file final.txt (compact mmCIF, C-alpha atoms)
# COMPACT_ATOMS: atom_id res chain seq x y z
CA MET A 1 0.00 0.00 0.00
CA PHE A 2 2.84 2.37 0.93
CA LYS A 3 5.58 2.48 -1.66
CA HIS A 4 8.03 4.39 0.53
CA PRO A 5 9.59 2.43 3.44
CA LEU A 6 9.45 5.52 5.68
CA PHE A 7 5.64 5.59 5.56
CA THR A 8 5.52 1.92 6.46
CA LYS A 9 7.75 2.47 9.48
CA LEU A 10 5.74 5.51 10.62
CA ALA A 11 2.48 3.60 10.31
CA ALA A 12 3.89 0.69 12.29
CA LEU A 13 5.25 3.00 14.98
CA THR A 14 1.90 4.80 15.23
CA ALA A 15 0.04 1.51 15.59
CA ILE A 16 2.42 0.30 18.31
CA THR A 17 2.10 3.62 20.16
CA VAL A 18 -1.69 3.43 20.06
CA LEU A 19 -1.65 -0.15 21.35
CA LEU A 20 0.76 0.80 24.16
CA LEU A 21 -1.37 3.77 25.18
CA PHE A 22 -4.46 1.56 25.19
CA GLY A 23 -2.69 -1.00 27.37
CA LEU A 24 -1.41 1.66 29.74
CA GLY A 25 -4.93 3.05 30.01
CA LEU A 26 -6.25 -0.37 31.02
CA ILE A 27 -3.50 -0.74 33.62
CA GLU A 28 -4.21 2.74 34.97
CA ASP A 29 -7.89 1.86 35.35
CA VAL A 30 -6.98 -1.29 37.29
CA VAL A 31 -4.60 0.62 39.58
CA ARG A 32 -7.19 3.36 40.14
CA ASP A 33 -9.84 0.77 41.04
CA ARG A 34 -7.52 -1.00 43.46
CA LEU A 35 -6.57 2.28 45.13
CA ARG A 36 -10.25 3.15 45.48
CA TYR A 37 -11.09 -0.25 46.95
CA ARG A 38 -8.07 0.09 49.27
CA SER A 39 -9.35 3.45 50.44
CA LEU A 40 -12.86 2.03 50.95
CA THR A 41 -11.38 -0.84 52.96
CA ALA A 42 -9.48 1.55 55.25
CA GLN A 43 -12.63 3.65 55.66
CA SER A 44 -14.69 0.56 56.50
CA VAL A 45 -12.21 -0.60 59.14
CA ALA A 46 -11.96 2.89 60.64
CA GLU A 47 -15.76 3.15 60.86
CA SER A 48 -16.05 -0.16 62.71
CA LEU A 49 -13.01 0.29 64.98
CA ALA A 50 -11.43 3.78 65.15
CA GLY A 51 -9.65 6.03 62.70
CA PRO A 52 -6.10 7.44 62.72
CA GLN A 53 -5.17 8.79 66.16
CA THR A 54 -3.46 11.99 67.26
CA LEU A 55 -2.42 12.34 70.91
CA MET A 56 -2.37 15.87 72.27
CA GLY A 57 -1.86 16.62 75.96
CA PRO A 58 -2.20 16.59 78.81
CA MET A 59 -2.79 20.31 79.16
CA ILE A 60 -4.79 22.46 81.59
CA HIS A 61 -7.30 25.06 80.49
CA SER A 62 -10.00 27.24 82.01
CA ALA A 63 -12.85 29.08 80.26
CA CYS A 64 -13.31 32.68 81.43
CA VAL A 65 -15.76 35.51 80.88
CA GLU A 66 -14.92 39.17 81.51
CA SER A 67 -17.85 41.60 81.70
CA TRP A 68 -18.09 45.36 82.23
CA ASP A 69 -20.62 48.18 81.99
CA GLU A 70 -20.39 50.63 79.12
CA GLU A 71 -22.47 53.65 78.23
CA VAL A 72 -24.26 53.39 74.90
CA GLY A 73 -26.63 55.67 72.99
CA LYS A 74 -26.80 59.43 72.74
CA GLY A 75 -28.67 62.23 74.52
CA ASP A 76 -31.77 61.10 76.43
CA GLU A 77 -31.31 57.57 75.08
CA ARG A 78 -28.02 57.02 76.86
CA ARG A 79 -27.94 53.96 79.07
CA MET A 80 -25.53 51.48 80.60
CA ALA A 81 -25.15 48.15 78.83
CA GLU A 82 -23.16 45.12 79.80
CA LYS A 83 -20.32 44.11 77.48
CA ARG A 84 -18.42 40.84 77.72
CA ARG A 85 -15.60 38.85 76.19
CA GLU A 86 -14.98 35.12 76.40
CA PHE A 87 -11.50 33.59 76.39
CA ILE A 88 -9.59 30.49 77.42
CA LEU A 89 -6.54 30.34 79.67
CA THR A 90 -4.14 27.48 78.93
CA ALA A 91 -1.17 25.97 80.77
CA MET A 92 1.12 23.69 78.73
CA PRO A 93 3.46 21.29 80.57
CA GLU A 94 7.11 22.22 80.90
CA GLN A 95 8.18 18.56 80.70
CA LEU A 96 6.29 15.91 78.74
CA LYS A 97 7.33 12.27 78.44
CA LEU A 98 5.48 9.55 76.55
CA THR A 99 6.40 5.88 76.62
CA THR A 100 4.30 3.85 74.20
CA GLY A 101 4.08 0.33 72.84
CA ALA A 102 1.80 -0.71 69.98
CA ALA A 103 0.62 -4.21 69.08
CA MET A 104 -0.25 -4.43 65.37
CA GLU A 105 -3.13 -6.37 63.84
CA GLU A 106 -4.19 -6.68 60.21
CA ARG A 107 -7.87 -6.36 59.29
CA ALA A 108 -8.99 -7.58 55.86
CA ARG A 109 -11.87 -6.72 53.56
CA GLY A 110 -11.69 -9.00 50.55
CA LEU A 111 -8.20 -8.85 49.02
CA HIS A 112 -7.18 -5.69 50.86
CA LYS A 113 -5.61 -5.52 54.32
CA VAL A 114 -5.42 -2.55 56.69
CA ASN A 115 -3.10 -2.17 59.65
CA THR A 116 -4.69 -1.46 63.02
CA TYR A 117 -2.95 -1.08 66.36
CA ASN A 118 -3.57 -1.35 70.08
CA LEU A 119 -1.52 1.33 71.80
CA LYS A 120 -0.60 1.32 75.47
CA ALA A 121 0.86 4.64 76.54
CA ASN A 122 2.23 6.02 79.78
CA VAL A 123 2.25 9.83 79.73
CA THR A 124 3.91 11.99 82.37
CA ALA A 125 3.47 15.77 82.34
CA GLN A 126 5.04 18.30 84.70
CA TRP A 127 4.02 21.92 85.15
CA GLY A 128 6.05 24.52 87.02
CA SER A 129 4.26 27.81 87.58
CA LEU A 130 0.56 27.93 86.66
CA ALA A 131 0.52 31.72 86.43
CA SER A 132 -0.95 31.48 82.93
CA LEU A 133 -4.20 30.29 84.53
CA LEU A 134 -4.62 33.58 86.46
CA PRO A 135 -6.99 35.87 84.52
CA GLN A 136 -5.94 39.43 83.73
CA SER A 137 -8.52 42.21 83.30
CA SER A 138 -8.49 44.08 80.02
CA MET A 139 -11.06 46.71 81.09
CA LYS A 140 -11.17 48.94 84.18
CA ASN A 141 -13.64 47.84 86.88
CA SER A 142 -14.53 44.70 84.95
CA ARG A 143 -15.98 41.55 86.49
CA MET A 144 -14.14 38.26 85.92
CA HIS A 145 -15.59 34.76 86.14
CA CYS A 146 -13.63 31.60 85.28
CA GLY A 147 -14.75 28.02 85.23
CA ALA A 148 -12.90 25.31 87.11
CA PRO A 149 -9.47 24.39 85.70
CA ILE A 150 -9.67 21.29 83.54
CA VAL A 151 -6.88 18.89 82.65
CA MET A 152 -7.53 17.26 79.29
CA MET A 153 -6.11 14.74 76.86
CA ALA A 154 -7.25 15.03 73.25
CA VAL A 155 -7.28 12.14 70.76
CA GLY A 156 -8.16 11.88 67.08
CA ASP A 157 -11.04 9.41 67.52
CA ALA A 158 -12.48 8.96 71.02
CA ARG A 159 -14.11 5.65 70.03
CA GLY A 160 -10.65 4.11 70.24
CA ILE A 161 -10.23 4.75 73.98
CA ARG A 162 -10.29 1.42 75.79
CA THR A 163 -9.00 2.26 79.27
CA ALA A 164 -7.63 5.38 80.93
CA GLN A 165 -6.32 6.06 84.43
CA PHE A 166 -5.25 9.53 85.49
CA THR A 167 -3.40 10.72 88.60
CA MET A 168 -2.40 14.25 89.62
CA ASP A 169 0.34 14.46 92.26
CA SER A 170 -0.33 10.77 93.10
CA GLN A 171 -4.06 11.42 93.57
CA ALA A 172 -6.45 9.55 91.28
CA LEU A 173 -8.88 11.75 89.35
CA ALA A 174 -12.17 10.71 87.77
CA LEU A 175 -12.00 11.01 84.00
CA LYS A 176 -15.03 11.99 81.93
CA PRO A 177 -15.66 12.06 78.16
CA GLY A 178 -14.91 15.22 76.19
CA THR A 179 -12.37 17.97 76.75
CA PHE A 180 -14.48 21.19 76.95
CA HIS A 181 -11.98 22.68 74.51
CA PRO A 182 -13.58 24.55 71.58
CA THR A 183 -11.11 23.22 68.99
CA TYR A 184 -9.94 19.81 70.26
CA SER A 185 -13.18 18.38 71.60
CA ARG A 186 -12.53 14.62 71.37
CA GLY A 187 -10.83 13.01 74.35
CA LEU A 188 -10.97 12.91 78.14
CA HIS A 189 -10.94 15.46 80.95
CA ALA A 190 -10.95 15.80 84.73
CA ALA A 191 -11.89 18.85 86.82
CA LEU A 192 -9.21 20.30 89.11
CA PRO A 193 -9.65 22.31 92.32
CA GLU A 194 -9.61 26.09 92.03
CA SER A 195 -6.53 26.21 94.25
CA VAL A 196 -4.23 24.96 91.46
CA ARG A 197 -4.22 28.47 89.90
CA SER A 198 -2.12 29.86 92.72
CA GLN A 199 -0.05 26.72 93.31
CA THR A 200 3.65 27.55 93.13
CA GLY A 201 5.14 24.12 93.74
CA GLY A 202 4.19 22.76 90.32
CA LEU A 203 2.07 19.79 89.32
CA THR A 204 2.81 16.31 88.00
CA ALA A 205 0.21 14.31 86.09
CA THR A 206 0.38 10.69 84.93
CA LEU A 207 -1.94 9.10 82.39
CA ASP A 208 -2.10 5.40 81.52
CA LEU A 209 -3.99 5.08 78.27
CA GLU A 210 -5.00 2.15 76.07
CA LEU A 211 -6.04 3.29 72.60
CA VAL A 212 -6.85 1.54 69.32
CA GLY A 213 -6.60 3.12 65.90
CA THR A 214 -6.12 2.53 62.18
CA GLU A 215 -2.97 3.01 60.10
CA ARG A 216 -1.50 6.23 61.55
CA LEU A 217 -0.48 7.60 64.94
CA ALA A 218 0.69 11.17 65.57
CA ILE A 219 1.89 12.87 68.75
CA VAL A 220 1.77 16.63 69.28
CA PRO A 221 4.85 17.93 71.20
CA LEU A 222 3.04 20.25 73.61
CA GLY A 223 5.69 20.33 76.31
CA GLY A 224 8.47 22.86 76.56
CA ASN A 225 10.62 19.73 76.46
CA THR A 226 8.98 16.60 74.99
CA GLU A 227 10.45 13.10 74.90
CA VAL A 228 8.77 10.16 73.19
CA LEU A 229 9.85 6.53 73.35
CA MET A 230 7.84 4.34 70.99
CA THR A 231 8.14 0.62 70.23
CA SER A 232 6.05 -1.74 68.12
CA SER A 233 6.07 -5.20 66.61
CA TRP A 234 5.49 -3.76 63.13
CA PRO A 235 8.66 -4.28 61.02
CA HIS A 236 7.82 -1.78 58.25
CA PRO A 237 7.25 1.62 59.88
CA SER A 238 7.11 4.91 58.02
CA PHE A 239 8.32 7.88 60.07
CA ALA A 240 6.72 11.12 58.94
CA GLY A 241 5.91 14.55 60.29
CA ARG A 242 7.96 17.61 61.12
CA PHE A 243 10.08 15.87 63.78
CA LEU A 244 11.77 12.55 63.02
CA PRO A 245 13.19 10.23 65.70
CA SER A 246 16.66 11.18 66.90
CA GLU A 247 17.30 7.47 67.51
CA ARG A 248 15.60 4.55 65.80
CA GLU A 249 16.10 0.85 65.30
CA VAL A 250 14.12 -1.27 62.83
CA SER A 251 14.37 -5.04 62.55
CA SER A 252 12.24 -8.01 61.52
CA GLY A 253 10.87 -8.07 65.06
CA GLY A 254 9.62 -4.47 65.06
CA PHE A 255 10.93 -0.96 65.63
CA GLY A 256 11.82 1.51 68.33
CA GLY A 257 12.28 5.26 68.08
CA MET A 258 12.90 8.21 70.37
CA PRO A 259 12.07 11.71 69.11
CA ARG A 260 12.98 14.61 71.36
CA TYR A 261 11.53 18.07 71.06
CA GLY A 262 12.84 21.07 72.92

call {"tool": "encode", "arguments": {"input": "final.txt", "output": "structure tokens"}}
result
Amino acid sequence: MFKHPLFTKLAALTAITVLLLFGLGLIEDVVRDRLRYRSLTAQSVAESLAGPQTLMGPMIHSACVESWDEEVGKGDERRMAEKRREFILTAMPEQLKLTTGAAMEERARGLHKVNTYNLKANVTAQWGSLASLLPQSSMKNSRMHCGAPIVMMAVGDARGIRTAQFTMDSQALALKPGTFHPTYSRGLHAALPESVRSQTGGLTATLDLELVGTERLAIVPLGGNTEVLMTSSWPHPSFAGRFLPSEREVSSGGFGGMPRYG
């Protein structure tokens, strides 16, 4: 059909290119479907167990309201009206140490498997001065009201909490669901006596927590100095985030890592 050999070669090359592109398209569709089914599997496991977890705390906070009287209106319509502002006082620990161990378990949905974990963590937090919990007036002759100080521990998915025991200066505290924090609402909290605001000797809190989750675990370094020691039986960890472990050891029997934040 083609008298010139160049046309024959171009036609053959075009046909091969089209066939390759068609094959690559089929492969891409298969990969896309498998990724979608993998994502659906992870979502299904997370819905039935618990999703990825993020540990943040312990920290102490107190909700406050400052109110004052202010003249409004003009002329004969002048009157005194109450104005108010709401704010939260927060005390972060000076020293924070977490020692954690995670047992891994694979959950399957069809051909796809998802890693889940059972985390057992011991968290120790130390506060020095709690002066940040003392409210400061912003308006002259204002009235200040603050709720009881609350120590809280936030997690990514509260459904994953299995057990939790909390002590403050060797005294056991009753933990309740929620954190009463407007941003990080999932977790646990315990009310503290009003006297902690003026305590100068510092506080030490210890939390023993058992937590389950799916695929990922993150720890927020809230302390002025934070030390984390983490071990697990999973031999294929992926360390990510803005702070990598300063020491780590990975073997067929699991991994261990120790990030420090200061």

call {"tool": "residues_around", "arguments": {"input": "final.txt", "residues": "Tyr117 (chain A)", "least_positions_apart": "2", "cutoff": "8 Å", "atoms": "all atoms listed in the file", "output": "CSV table (one decimal) with C-alpha atoms, keeping the file's coordinate frame"}}
result
chain,number,residue,atom,x,y,z
A,102,ALA,CA,1.8,-0.7,70.0
A,103,ALA,CA,0.6,-4.2,69.1
A,104,MET,CA,-0.2,-4.4,65.4
A,105,GLU,CA,-3.1,-6.4,63.8
A,115,ASN,CA,-3.1,-2.2,59.6
A,119,LEU,CA,-1.5,1.3,71.8
A,212,VAL,CA,-6.8,1.5,69.3
A,213,GLY,CA,-6.6,3.1,65.9
A,214,THR,CA,-6.1,2.5,62.2
A,215,GLU,CA,-3.0,3.0,60.1

call {"tool": "residues_around", "arguments": {"input": "final.txt", "residues": "Phe166 (chain A)", "least_positions_apart": "6", "cutoff": "8 Å", "atoms": "all atoms listed in the file", "output": "PyMOL selection string"}}
result
chain A and resi 172-175+205-208

call {"tool": "residues_around", "arguments": {"input": "final.txt", "residues": "Ala218 (chain A)", "least_positions_apart": "2", "cutoff": "8 Å", "atoms": "all atoms listed in the file", "output": "list in words"}}
result
Gln53, Thr54, Leu55, Arg216 and Val220 of chain A

call {"tool": "residues_around", "arguments": {"input": "final.txt", "residues": "Met139 (chain A)", "least_positions_apart": "6", "cutoff": "9 Å", "atoms": "only C-alpha atoms", "output": "PyMOL selection string"}}
result
chain A and resi 66-68

call {"tool": "residues_around", "arguments": {"input": "final.txt", "residues": "Ser137 (chain A)", "least_positions_apart": "3", "cutoff": "12 Å", "atoms": "only C-alpha atoms", "output": "PyMOL selection string"}}
result
chain A and resi 64-68+84-87+134+140-146

call {"tool": "atom_distance", "arguments": {"input": "final.txt", "atom1": "CA of Leu89 (chain A)", "atom2": "CA of Lys176 (chain A)"}}
result
20.3 Å

call {"tool": "atom_distance", "arguments": {"input": "final.txt", "atom1": "CA of Met59 (chain A)", "atom2": "CA of Leu133 (chain A)"}}
result
11.4 Å

call {"tool": "atom_distance", "arguments": {"input": "final.txt", "atom1": "CA of Val31 (chain A)", "atom2": "CA of Lys113 (chain A)"}}
result
16.0 Å

call {"tool": "closest_residue", "arguments": {"input": "final.txt", "among": "A:Leu203, A:Met80, A:Leu96, A:Ala63", "to": "Pro149 (chain A)", "atoms": "all atoms listed in the file"}}
result
A:Ala63
